[in-house]
Structures are given as structure tokens and as C-alpha cells.
$ cat start.cif   # mmCIF, C-alpha atoms
data_upload
#
loop_
_atom_site.group_PDB
_atom_site.id
_atom_site.type_symbol
_atom_site.label_atom_id
_atom_site.label_comp_id
_atom_site.auth_asym_id
_atom_site.auth_seq_id
_atom_site.Cartn_x
_atom_site.Cartn_y
_atom_site.Cartn_z
ATOM 1 C CA MET V 11 -11.313 38.430 -228.180
ATOM 2 C CA ASN V 12 -9.396 40.169 -225.400
ATOM 3 C CA TYR V 13 -10.472 40.790 -221.851
ATOM 4 C CA GLN V 14 -8.700 42.583 -219.008
ATOM 5 C CA TYR V 15 -9.323 42.838 -215.265
ATOM 6 C CA ASN V 16 -7.199 44.678 -212.697
ATOM 7 C CA ILE V 17 -7.407 43.605 -209.067
ATOM 8 C CA GLY V 18 -5.752 44.467 -205.752
ATOM 9 C CA CYS V 19 -3.848 41.690 -203.994
ATOM 10 C CA SER V 20 -6.456 40.789 -201.412
ATOM 11 C CA LEU V 21 -7.697 37.212 -201.136
ATOM 12 C CA ASN V 22 -11.187 38.679 -200.833
ATOM 13 C CA ASN V 23 -10.865 39.600 -204.529
ATOM 14 C CA LEU V 24 -10.523 35.988 -205.692
ATOM 15 C CA LYS V 25 -14.274 35.707 -206.149
ATOM 16 C CA GLY V 26 -14.159 38.701 -208.505
ATOM 17 C CA ILE V 27 -11.437 36.976 -210.531
ATOM 18 C CA ARG V 28 -13.561 33.850 -210.855
ATOM 19 C CA GLU V 29 -16.575 35.887 -211.988
ATOM 20 C CA PHE V 30 -14.444 37.797 -214.519
ATOM 21 C CA ILE V 31 -13.169 34.578 -216.104
ATOM 22 C CA ARG V 32 -16.628 33.024 -216.205
ATOM 23 C CA ASN V 33 -18.211 36.143 -217.740
ATOM 24 C CA SER V 34 -15.381 36.592 -220.265
ATOM 25 C CA LEU V 35 -15.526 32.995 -221.480
ATOM 26 C CA ASN V 36 -19.286 32.705 -221.313
ATOM 27 C CA GLU V 37 -19.695 33.006 -225.087
ATOM 28 C CA GLN V 38 -17.044 30.397 -225.909
ATOM 29 C CA GLY V 39 -19.283 27.375 -225.466
ATOM 30 C CA ILE V 40 -16.974 25.811 -222.899
ATOM 31 C CA ALA V 41 -18.408 22.879 -220.915
ATOM 32 C CA GLU V 42 -19.081 23.613 -217.238
ATOM 33 C CA ILE V 43 -16.467 21.133 -215.983
ATOM 34 C CA GLU V 44 -13.808 22.586 -218.294
ATOM 35 C CA MET V 45 -14.798 26.139 -217.359
ATOM 36 C CA ASN V 46 -14.450 25.282 -213.684
ATOM 37 C CA THR V 47 -10.941 23.893 -214.186
ATOM 38 C CA MET V 48 -9.851 27.090 -216.020
ATOM 39 C CA ILE V 49 -11.261 29.203 -213.196
ATOM 40 C CA LEU V 50 -9.568 26.967 -210.640
ATOM 41 C CA ALA V 51 -6.121 27.248 -212.279
ATOM 42 C CA LEU V 52 -6.330 31.050 -212.460
ATOM 43 C CA ASP V 53 -7.624 31.275 -208.888
ATOM 44 C CA GLU V 54 -4.633 29.190 -207.750
ATOM 45 C CA MET V 55 -2.116 31.272 -209.706
ATOM 46 C CA CYS V 56 -3.524 34.595 -208.496
ATOM 47 C CA SER V 57 -3.793 33.504 -204.860
ATOM 48 C CA ASN V 58 -0.198 32.222 -204.948
ATOM 49 C CA LEU V 59 0.999 35.546 -206.370
ATOM 50 C CA MET V 60 -1.047 37.559 -203.875
ATOM 51 C CA ILE V 61 0.344 35.570 -200.937
ATOM 52 C CA HIS V 62 3.949 34.877 -201.951
ATOM 53 C CA ALA V 63 4.876 37.850 -204.166
ATOM 54 C CA HIS V 64 2.662 40.599 -202.714
ATOM 55 C CA HIS V 65 1.998 39.513 -199.109
ATOM 56 C CA CYS V 66 -1.708 40.240 -199.660
ATOM 57 C CA ASN V 67 -1.155 43.999 -199.967
ATOM 58 C CA PRO V 68 -4.396 45.287 -201.549
ATOM 59 C CA ASP V 69 -2.537 48.317 -202.945
ATOM 60 C CA HIS V 70 -0.511 46.011 -205.191
ATOM 61 C CA ILE V 71 -2.262 45.327 -208.480
ATOM 62 C CA LEU V 72 -2.462 42.217 -210.656
ATOM 63 C CA GLU V 73 -3.526 42.616 -214.279
ATOM 64 C CA LEU V 74 -5.321 39.609 -215.651
ATOM 65 C CA HIS V 75 -5.659 39.295 -219.424
ATOM 66 C CA ILE V 76 -7.569 36.671 -221.373
ATOM 67 C CA ASP V 77 -6.991 36.224 -225.076
ATOM 68 C CA VAL V 78 -8.896 33.822 -227.291
ATOM 69 C CA PRO V 79 -6.859 33.918 -230.536
ATOM 70 C CA GLU V 80 -8.822 31.089 -232.109
ATOM 71 C CA LYS V 81 -11.711 28.878 -231.092
ATOM 72 C CA GLY V 82 -10.638 26.448 -228.400
ATOM 73 C CA LYS V 83 -7.346 28.167 -227.619
ATOM 74 C CA LEU V 84 -7.092 30.200 -224.433
ATOM 75 C CA ILE V 85 -4.177 32.378 -223.351
ATOM 76 C CA PHE V 86 -4.203 33.853 -219.858
ATOM 77 C CA GLU V 87 -1.623 36.384 -218.709
ATOM 78 C CA ILE V 88 -1.109 37.620 -215.177
ATOM 79 C CA ILE V 89 1.000 40.787 -215.112
ATOM 80 C CA ASP V 90 2.558 42.289 -212.010
ATOM 81 C CA ASP V 91 5.683 44.003 -210.782
ATOM 82 C CA GLY V 92 6.340 42.042 -207.608
ATOM 83 C CA ASN V 93 8.942 39.368 -206.970
ATOM 84 C CA VAL V 94 8.698 36.614 -209.551
ATOM 85 C CA PHE V 95 6.892 33.574 -208.181
ATOM 86 C CA ASN V 96 7.710 30.939 -210.760
ATOM 87 C CA ILE V 97 5.844 27.695 -210.165
ATOM 88 C CA ASN V 98 8.141 25.912 -212.607
ATOM 89 C CA GLN V 99 10.840 26.220 -209.937
ATOM 90 C CA PHE V 100 8.819 23.958 -207.666
ATOM 91 C CA SER V 101 8.309 20.280 -208.192
ATOM 92 C CA SER V 102 4.840 18.973 -207.379
ATOM 93 C CA ASP V 103 5.072 17.498 -203.899
ATOM 94 C CA ASN V 104 4.154 13.866 -203.495
ATOM 95 C CA ILE V 105 0.622 13.827 -202.131
ATOM 96 C CA GLY V 106 1.551 11.152 -199.591
ATOM 97 C CA ASP V 107 4.233 13.449 -198.179
ATOM 98 C CA LEU V 108 1.766 16.331 -197.918
ATOM 99 C CA ILE V 109 -0.671 14.133 -196.000
ATOM 100 C CA HIS V 110 2.034 12.831 -193.686
ATOM 101 C CA GLU V 111 3.260 16.347 -192.944
ATOM 102 C CA LYS V 112 -0.365 17.521 -192.420
ATOM 103 C CA ARG V 113 0.376 20.397 -194.801
ATOM 104 C CA LYS V 114 -2.537 22.395 -196.141
ATOM 105 C CA GLY V 115 -0.533 23.975 -198.979
ATOM 106 C CA GLY V 116 1.318 22.588 -201.953
ATOM 107 C CA LEU V 117 -1.707 21.411 -203.896
ATOM 108 C CA GLY V 118 -2.256 24.544 -205.974
ATOM 109 C CA ILE V 119 0.882 24.147 -208.066
ATOM 110 C CA ARG V 120 -0.031 20.528 -208.757
ATOM 111 C CA LEU V 121 -3.499 21.641 -209.897
ATOM 112 C CA VAL V 122 -2.227 24.358 -212.246
ATOM 113 C CA LYS V 123 0.298 22.021 -213.858
ATOM 114 C CA SER V 124 -2.380 19.358 -214.283
ATOM 115 C CA ILE V 125 -4.898 21.726 -215.860
ATOM 116 C CA MET V 126 -2.812 23.989 -218.102
ATOM 117 C CA ASP V 127 -0.853 22.872 -221.183
ATOM 118 C CA ASN V 128 1.916 25.370 -220.616
ATOM 119 C CA VAL V 129 3.033 27.850 -217.938
ATOM 120 C CA GLU V 130 5.777 30.290 -218.915
ATOM 121 C CA TYR V 131 7.350 33.389 -217.431
ATOM 122 C CA PHE V 132 8.984 36.382 -219.100
ATOM 123 C CA THR V 133 9.269 40.151 -218.710
ATOM 124 C CA ARG V 134 7.750 42.810 -220.937
ATOM 125 C CA ASN V 135 8.231 46.554 -220.407
ATOM 126 C CA GLY V 136 9.753 45.860 -217.023
ATOM 127 C CA LYS V 137 6.733 43.846 -215.813
ATOM 128 C CA ASN V 138 6.536 40.161 -214.923
ATOM 129 C CA ILE V 139 4.309 38.149 -217.199
ATOM 130 C CA CYS V 140 3.016 34.722 -216.275
ATOM 131 C CA ARG V 141 1.381 33.168 -219.340
ATOM 132 C CA LEU V 142 -0.829 30.106 -219.072
ATOM 133 C CA THR V 143 -1.967 28.384 -222.233
ATOM 134 C CA LYS V 144 -4.782 25.898 -222.708
ATOM 135 C CA GLN V 145 -5.960 24.173 -225.856
ATOM 136 C CA LEU V 146 -9.451 22.831 -225.274
ATOM 137 C CA MET I 23 -18.198 33.415 -199.850
ATOM 138 C CA VAL I 24 -19.068 30.510 -197.620
ATOM 139 C CA HIS I 25 -21.552 29.699 -194.916
ATOM 140 C CA ILE I 26 -20.987 26.586 -192.812
ATOM 141 C CA LYS I 27 -23.597 24.986 -190.583
ATOM 142 C CA ARG I 28 -23.342 22.107 -188.133
ATOM 143 C CA LEU I 29 -26.080 19.851 -186.941
ATOM 144 C CA GLN I 30 -26.089 16.540 -185.147
ATOM 145 C CA GLU I 31 -28.010 13.480 -186.281
ATOM 146 C CA SER I 32 -27.835 9.932 -184.864
ATOM 147 C CA GLY I 33 -24.381 10.498 -183.382
ATOM 148 C CA ASN I 34 -23.048 12.014 -186.593
ATOM 149 C CA ASP I 35 -21.830 15.584 -186.750
ATOM 150 C CA ILE I 36 -23.029 16.938 -190.082
ATOM 151 C CA ILE I 37 -21.072 19.872 -191.506
ATOM 152 C CA ALA I 38 -22.955 21.568 -194.347
ATOM 153 C CA ILE I 39 -20.920 23.840 -196.628
ATOM 154 C CA ILE I 40 -22.914 26.446 -198.523
ATOM 155 C CA GLY I 41 -21.136 28.527 -201.165
ATOM 156 C CA GLU I 42 -17.509 28.649 -202.226
ATOM 157 C CA ILE I 43 -14.298 27.659 -200.448
ATOM 158 C CA ASP I 44 -11.151 29.465 -201.584
ATOM 159 C CA ALA I 45 -7.959 30.783 -199.997
ATOM 160 C CA SER I 46 -9.921 33.519 -198.205
ATOM 161 C CA SER I 47 -12.545 31.228 -196.689
ATOM 162 C CA SER I 48 -10.824 27.856 -196.149
ATOM 163 C CA ILE I 49 -10.007 28.855 -192.555
ATOM 164 C CA GLU I 50 -13.728 28.656 -191.747
ATOM 165 C CA LEU I 51 -13.858 25.037 -192.895
ATOM 166 C CA ASP I 52 -10.713 24.273 -190.909
ATOM 167 C CA LEU I 53 -12.116 25.851 -187.732
ATOM 168 C CA THR I 54 -15.427 24.007 -188.130
ATOM 169 C CA ILE I 55 -13.772 20.594 -188.503
ATOM 170 C CA ALA I 56 -11.461 21.376 -185.578
ATOM 171 C CA LYS I 57 -14.511 22.288 -183.480
ATOM 172 C CA SER I 58 -16.226 19.027 -184.401
ATOM 173 C CA VAL I 59 -13.122 17.085 -183.352
ATOM 174 C CA GLY I 60 -12.849 19.187 -180.192
ATOM 175 C CA ASP I 61 -16.462 18.362 -179.341
ATOM 176 C CA GLY I 62 -15.521 14.680 -179.453
ATOM 177 C CA PHE I 63 -17.329 13.530 -182.588
ATOM 178 C CA ALA I 64 -15.924 10.346 -184.140
ATOM 179 C CA LYS I 65 -18.303 10.372 -187.127
ATOM 180 C CA ILE I 66 -18.266 13.484 -189.303
ATOM 181 C CA LEU I 67 -20.403 13.821 -192.407
ATOM 182 C CA VAL I 68 -19.656 16.713 -194.753
ATOM 183 C CA ASP I 69 -22.697 17.823 -196.735
ATOM 184 C CA CYS I 70 -21.399 19.249 -200.034
ATOM 185 C CA THR I 71 -24.753 19.516 -201.822
ATOM 186 C CA ALA I 72 -24.577 23.340 -201.728
ATOM 187 C CA LEU I 73 -20.808 23.577 -202.249
ATOM 188 C CA GLU I 74 -20.378 25.444 -205.530
ATOM 189 C CA TYR I 75 -16.585 25.680 -205.727
ATOM 190 C CA ILE I 76 -13.490 24.523 -203.889
ATOM 191 C CA SER I 77 -9.874 25.472 -204.525
ATOM 192 C CA SER I 78 -6.711 23.799 -203.273
ATOM 193 C CA ALA I 79 -6.936 25.719 -200.001
ATOM 194 C CA GLY I 80 -10.139 23.851 -199.146
ATOM 195 C CA LEU I 81 -8.846 20.525 -200.408
ATOM 196 C CA GLY I 82 -5.768 21.065 -198.274
ATOM 197 C CA VAL I 83 -7.947 21.346 -195.177
ATOM 198 C CA PHE I 84 -9.508 17.912 -195.800
ATOM 199 C CA MET I 85 -6.102 16.458 -196.627
ATOM 200 C CA SER I 86 -4.486 17.811 -193.483
ATOM 201 C CA TYR I 87 -6.889 15.812 -191.293
ATOM 202 C CA ILE I 88 -6.393 12.429 -192.984
ATOM 203 C CA GLU I 89 -3.606 11.181 -190.708
ATOM 204 C CA GLU I 90 -5.008 12.729 -187.546
ATOM 205 C CA PHE I 91 -8.352 11.041 -188.183
ATOM 206 C CA GLN I 92 -6.653 7.677 -188.751
ATOM 207 C CA GLU I 93 -4.757 8.064 -185.473
ATOM 208 C CA LYS I 94 -7.848 9.114 -183.516
ATOM 209 C CA GLU I 95 -10.197 6.680 -185.297
ATOM 210 C CA ILE I 96 -12.396 9.511 -186.478
ATOM 211 C CA ARG I 97 -14.382 8.774 -189.647
ATOM 212 C CA MET I 98 -15.223 11.459 -192.177
ATOM 213 C CA VAL I 99 -17.421 10.965 -195.242
ATOM 214 C CA LEU I 100 -18.256 13.639 -197.815
ATOM 215 C CA PHE I 101 -21.469 13.484 -199.803
ATOM 216 C CA GLY I 102 -23.487 15.316 -202.447
ATOM 217 C CA LEU I 103 -20.595 16.776 -204.451
ATOM 218 C CA LYS I 104 -21.549 18.465 -207.710
ATOM 219 C CA GLU I 105 -19.690 17.047 -210.719
ATOM 220 C CA LYS I 106 -17.556 20.176 -211.173
ATOM 221 C CA VAL I 107 -16.537 20.070 -207.498
ATOM 222 C CA ALA I 108 -15.886 16.323 -207.522
ATOM 223 C CA ASN I 109 -13.663 16.832 -210.571
ATOM 224 C CA THR I 110 -11.302 19.010 -208.520
ATOM 225 C CA PHE I 111 -10.841 16.151 -206.026
ATOM 226 C CA VAL I 112 -10.223 13.770 -208.935
ATOM 227 C CA ILE I 113 -7.562 15.993 -210.595
ATOM 228 C CA LEU I 114 -5.528 15.900 -207.399
ATOM 229 C CA GLY I 115 -6.082 12.223 -206.686
ATOM 230 C CA LEU I 116 -7.850 13.088 -203.436
ATOM 231 C CA ALA I 117 -11.011 11.243 -204.443
ATOM 232 C CA ASP I 118 -9.182 7.997 -203.672
ATOM 233 C CA LEU I 119 -7.906 9.188 -200.300
ATOM 234 C CA LEU I 120 -11.172 10.469 -198.864
ATOM 235 C CA HIS I 121 -14.507 8.727 -198.431
ATOM 236 C CA ILE I 122 -16.991 10.263 -200.878
ATOM 237 C CA CYS I 123 -20.628 9.207 -201.430
ATOM 238 C CA SER I 124 -23.435 10.439 -203.658
ATOM 239 C CA SER I 125 -26.171 10.773 -201.073
ATOM 240 C CA LYS I 126 -26.576 11.369 -197.368
ATOM 241 C CA GLU I 127 -28.130 7.913 -196.931
ATOM 242 C CA GLU I 128 -25.111 6.225 -198.530
ATOM 243 C CA ALA I 129 -22.771 8.374 -196.458
ATOM 244 C CA LYS I 130 -24.520 7.418 -193.198
ATOM 245 C CA LYS I 131 -24.377 3.750 -194.151
ATOM 246 C CA LEU I 132 -20.691 3.941 -195.040
ATOM 247 C CA ILE I 133 -19.694 5.820 -191.908
ATOM 248 C CA ASP I 134 -21.434 3.202 -189.763
ATOM 249 C CA GLU I 135 -19.612 0.416 -191.635
ATOM 250 C CA LEU I 136 -16.277 2.219 -191.222
ATOM 251 C CA SER I 137 -16.919 2.672 -187.521
ATOM 252 C CA VAL I 138 -17.403 -1.042 -186.778
#
$ encode --input "start.cif" --output "C-alpha cells"
Amino acid sequence: MNYQYNIGCSLNNLKGIREFIRNSLNEQGIAEIEMNTMILALDEMCSNLMIHAHHCNPDHILELHIDVPEKGKLIFEIIDDGNVFNINQFSSDNIGDLIHEKRKGGLGIRLVKSIMDNVEYFTRNGKNICRLTKQL
Amino acid sequence: MVHIKRLQESGNDIIAIIGEIDASSSIELDLTIAKSVGDGFAKILVDCTALEYISSAGLGVFMSYIEEFQEKEIRMVLFGLKEKVANTFVILGLADLLHICSSKEEAKKLIDELSV
């Protein structure tokens, strides 16, 4: 099963992304807690890209693809042509440091790495592909 | 989107979050907590019974107040989290750093104990 959703880089569109993922995976029999973590990881990845690679320009488009090649295996791809924002370049900040510095950011990368089995980056036809894989 | 209400009860400022907190709406939570602090409340209860979703942006707001609240002796207790919402706190290890209760009654009891 393949699903695709194109969205402008506005944070107001994050809700639409969450609804797209929920509707696409609705038939997969995924438990609510697990579904919520998938939605959360994609929300974090898309909001990071919107903010850091596209400066929240709603004219810039993200393509979100969901592929379910076999039962229990989920492949998400986020395709764009902005600057590459590779979360593998960042180490997960120590939570104690974040608290001490009163920083509100830095948690999203930690969440994505905790939830997904694999996060990889490559280019295809001149576009950036961020692929997130999860085996349920 | 999110709707946030405040009401006062027995010296507690109760912040009720209705809906979803993400990167577009976390500022509203931040402003509400800042307003509660600005109004001088030392006991803040966060009613999460109608909170359907929270992303790292919202968690970051709670986290950013931890040290300030310790310095100012302000107590904050969250209550009524749905399992899927509570799970997000657990993944990040924030469940151990914040005070979280099941019910409003437990939260009121805990905040009074913490304030002694």
C-alpha cells in the first residue's frame, strides 16, 4: 500500500500531516499508542524540516510518502528540495543540559531516534529523501 | 488546534489544555504558564484530561520551566493524561522530571504536600 500527501511548509499544516498518517494507517490494525508514536515522529521530522530547511515558507512543498511493503513494516519518506537537515548529524542532547539551559528545543530529534528503527538520507532525481523505517 | 483555559481553585491556578499542542500552538501554552507565574501563583495544576496530542514543542515548554520553578519555589503538577499522551512524556524521560498524577484530587493533594 502506498500513500502520498503534499503539504506547504507552514506549521499550521502539521495537523493535516497527522490526520493523513492516521487515515493512511487506519486499516493496518496498529495499536493507538503505537500509532501515536508514528504520528509524533513524522510530525517532529516535518516541523524540523519546515523550520530549519524551509524557514516556514508555505510555498515550499514537502512530499510525504507512506509505504507498507509487508504487514508490520512501515516506510515513511519525506521528499523536498531544500537544504538537507540531517538529524543524524546531531547528537541527542542530554536532557539535564536542556533543562539547565531552559531550552525548549532539542527534544524532537531525541524522540524520532527513540521511535524509529532507522533514519537515512539520500538523493533521488535531484531531490532530498529522508527515509524513516519502523518494524512494528 | 488548542484551547487553553485558566481558573482558580483553593489557591491553585488550574490550566486546562483542550486539543492538540504542536509546534504551531506550543506558544499558547508557554504564554499561559508565563501569565500564571506573572500573576504570582505558586501552585499550578495542569489539567490534561482533554489534551489529545503533544509534540516535543509542548514538552519543551514544560521542561523549560523546571529550573525556574525550583528557583522560585513554584509547584506544578499535571493530571489526567491520556495513555497515548503520557507515553510521549515517558519516551523522553520527562515523566520522571515532572509531577504527574492520575486525577485532579491526587494532584491537589500532591501539590499541597510539595508546598509544605
$ residues_around --input "start.cif" --residues "Cys70 (chain I)" --least-positions-apart "4" --cutoff "8 Å" --atoms "only C-alpha atoms" --output "PyMOL selection string"
chain I and resi 38-40+100-104
$ resolve_selection --input "start.cif" --expression "the PyMOL selection byres ((chain V) within 7 of (chain I))" --output "ChimeraX atom specification"
/V:21-22,43,46,50,57,109-110,112-115,117-118,121
$ closest_residue --input "start.cif" --among "I:Cys123, I:Ala117, I:Val68, I:Val59" --to "Phe91 (chain I)" --atoms "all atoms listed in the file"
I:Val59
$ resolve_selection --input "start.cif" --expression "the PyMOL selection byres ((chain I and resi 128-134) around 9)" --output "MDAnalysis selection string"
chainID I and resid 34 65:67 97:101 121:127 135:138
$ atom_distance --input "start.cif" --atom1 "CA of Asp77 (chain V)" --atom2 "CA of Asn12 (chain V)"
4.6 Å
$ atom_distance --input "start.cif" --atom1 "CA of Gln14 (chain V)" --atom2 "CA of Ile49 (chain I)"
29.8 Å
$ resolve_selection --input "start.cif" --expression "the PyMOL selection byres ((chain V and resi 58-74) around 7)" --output "PyMOL selection string"
chain V and resi 14-21+54-57+75-76+87-90+92-95
$ atom_distance --input "start.cif" --atom1 "CA of Asp127 (chain V)" --atom2 "CA of Glu42 (chain V)"
18.7 Å
$ residues_around --input "start.cif" --residues "Gly60 (chain I)" --least-positions-apart "6" --cutoff "12 Å" --atoms "only C-alpha atoms" --output "list in words"
Asp35, Leu53, Thr54, Lys94 and Ile96 of chain I
$ closest_residue --input "start.cif" --among "I:Val112, I:Val24, I:Gly41, I:Gly33" --to "Phe63 (chain I)" --atoms "only C-alpha atoms"
I:Gly33
$ axis_aligned_box --input "start.cif" --around "region 71-78 of chain I" --padding-each-side "4 Å" --output "JSON"
{"center_x": -15.7, "center_y": 22.6, "center_z": -203.7, "size_x": 26.0, "size_y": 14.2, "size_z": 12.0}
$ closest_residue --input "start.cif" --among "I:Asp118, I:Gly62, I:Leu73, I:Glu93" --to "His25 (chain I)" --atoms "only C-alpha atoms"
I:Leu73
$ closest_residue --input "start.cif" --among "V:Leu142, V:Ile125, V:Met11, V:Ile119" --to "Phe86 (chain V)" --atoms "only C-alpha atoms"
V:Leu142
